[in-house]
Every structure is written in structure tokens, then in C-alpha cells.
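S.K.: Have a look at this one.
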Amino acid sequence: MPFRRLGKKKRMELEKIRGLSDEELKSEEAKAAEQLFRIRFAKSLGKQEGAGKIRGLKLDIARMKTIARERATESVRETAAAGKA
């Protein structure tokens, strides 16, 4: 399955996220999740302010989780390779 081509803005955003340390990545993910919660809560109360940001926040959280998972699997592979050598 071919990868979807990312626009320049998304590519820059990915590079920014990849540049974060593990702690910074967790912190940014928590901030985005908190912001998403607050927007959803406000939306349930009938306020429409920020409702358009929901999709973007969900995508950002998914990107951060994906990069965290990539790092975790990479470290497991390195540990396994070091154990076999």
C-alpha cells in the first residue's frame, strides 16, 4: 500500500514532532488531549468555539502516539539485536 503524500506543512509538523524528546512528546500529547477534552466539553454545552479544531487535535495526538510507538519498537529492536550479538 503506497504511503500518502504529505503536504509541506504536515511534513514540517512531523519534523517538529520528531525533534522532541520523549518527555516533551508526552507533555505535548497530554496538552493536546486536555485541549481536545475541553473543546468537546464546551461543544456538549452548546458552545461552537473551537469545534473545527477537534479533527486537527485528534490527528496531532495520533501523530505523537505513532512517533512514540516507533521509538519504542526501535529501542526494543536495538536491545534484541544487542542481545544476539
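To be explicit about the labels: the chains of the C-alpha cells are called A, B, and onward in the order shown, and within each one the residues are counted from 1, while ligands get numbers from 1 in the order they are shown.
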Return as a ChimeraX atom specification the full set of residues in chain A whose backbone-based DSSP assignment is helix (DSSP H, G or I).

M.R.: /A:8-18,22-44,53-84

S.K.: Residues near segment 66-82 of chain A, anyone? I mean within 8 Å using only C-alpha atoms, not counting same-chain ones fewer than 3 positions away, as a PyMOL selection string.

M.R.: chain A and resi 17-18+22+25+62-63+85

S.K.: Neighbours of Glu15 of chain A within 12 Å (only C-alpha atoms; same-chain residues fewer than 4 positions away dropped), as a ChimeraX atom specification?

M.R.: /A:6,8-11,19-20,63-64,67

S.K.: Would you save the residues of that selection, restricted to N, CA and C atoms, as a PDB file, in the first residue's frame?

M.R.:
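For reference, out_34.pdb as written:
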```
ATOM      1  N   LEU A   6       2.408  13.674   1.966  1.00  0.00           N
ATOM      2  CA  LEU A   6       2.088  14.747   2.900  1.00  0.00           C
ATOM      3  C   LEU A   6       2.419  16.095   2.289  1.00  0.00           C
ATOM      4  N   LYS A   8       3.563  20.123   2.517  1.00  0.00           N
ATOM      5  CA  LYS A   8       4.746  20.726   3.126  1.00  0.00           C
ATOM      6  C   LYS A   8       4.502  21.063   4.597  1.00  0.00           C
ATOM      7  N   LYS A   9       3.329  21.555   4.921  1.00  0.00           N
ATOM      8  CA  LYS A   9       3.026  21.932   6.295  1.00  0.00           C
ATOM      9  C   LYS A   9       3.044  20.706   7.205  1.00  0.00           C
ATOM     10  N   LYS A  10       2.436  19.617   6.771  1.00  0.00           N
ATOM     11  CA  LYS A  10       2.384  18.408   7.581  1.00  0.00           C
ATOM     12  C   LYS A  10       3.772  17.816   7.753  1.00  0.00           C
ATOM     13  N   ARG A  11       4.581  17.877   6.689  1.00  0.00           N
ATOM     14  CA  ARG A  11       5.934  17.352   6.753  1.00  0.00           C
ATOM     15  C   ARG A  11       6.752  18.139   7.777  1.00  0.00           C
ATOM     16  N   GLY A  19      11.522  15.924  16.390  1.00  0.00           N
ATOM     17  CA  GLY A  19      12.618  16.611  17.064  1.00  0.00           C
ATOM     18  C   GLY A  19      12.452  16.711  18.563  1.00  0.00           C
ATOM     19  N   LEU A  20      11.262  16.396  19.066  1.00  0.00           N
ATOM     20  CA  LEU A  20      11.013  16.480  20.504  1.00  0.00           C
ATOM     21  C   LEU A  20      11.619  15.280  21.232  1.00  0.00           C
ATOM     22  N   ARG A  63      -0.442  11.411  15.552  1.00  0.00           N
ATOM     23  CA  ARG A  63       0.937  11.540  15.085  1.00  0.00           C
ATOM     24  C   ARG A  63       1.920  11.344  16.239  1.00  0.00           C
ATOM     25  N   MET A  64       1.624  11.974  17.371  1.00  0.00           N
ATOM     26  CA  MET A  64       2.514  11.866  18.528  1.00  0.00           C
ATOM     27  C   MET A  64       2.574  10.427  19.052  1.00  0.00           C
ATOM     28  N   ILE A  67       4.709   8.294  16.614  1.00  0.00           N
ATOM     29  CA  ILE A  67       6.144   8.523  16.768  1.00  0.00           C
ATOM     30  C   ILE A  67       6.652   7.897  18.060  1.00  0.00           C
TER      31      ILE A  67
END
```

S.K.: Which residues come within 7 Å of segment 26-36 of chain A, counting only C-alpha atoms, excluding same-chain residues fewer than 5 positions away, as a list in words?

M.R.: Ile54, Leu57, Ile61 and Met64 of chain A

S.K.: Would you mind exporting the chosen residues as a compact mmCIF listing (two decimals), in the first residue's frame, restricted to N, CA and C atoms?

M.R.:
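Contents of again35.txt, freshly written:
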```txt
# COMPACT_ATOMS: atom_id res chain seq x y z
N ILE A 54 -11.17 20.12 16.50
CA ILE A 54 -11.25 18.75 17.01
C ILE A 54 -10.50 17.78 16.11
N LEU A 57 -6.69 18.28 16.28
CA LEU A 57 -6.13 17.80 17.54
C LEU A 57 -6.05 16.28 17.57
N ILE A 61 -2.59 14.18 17.99
CA ILE A 61 -2.42 13.16 19.03
C ILE A 61 -2.02 11.84 18.39
N MET A 64 1.62 11.97 17.37
CA MET A 64 2.51 11.87 18.53
C MET A 64 2.57 10.43 19.05
```

S.K.: Would you work out the distance separating atom CA of Glu13 of chain A from atom CA of Lys53 of chain A, expressed in Å to one decimal?

M.R.: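 Rounded to one decimal, the two atoms are 15.8 Å apart.
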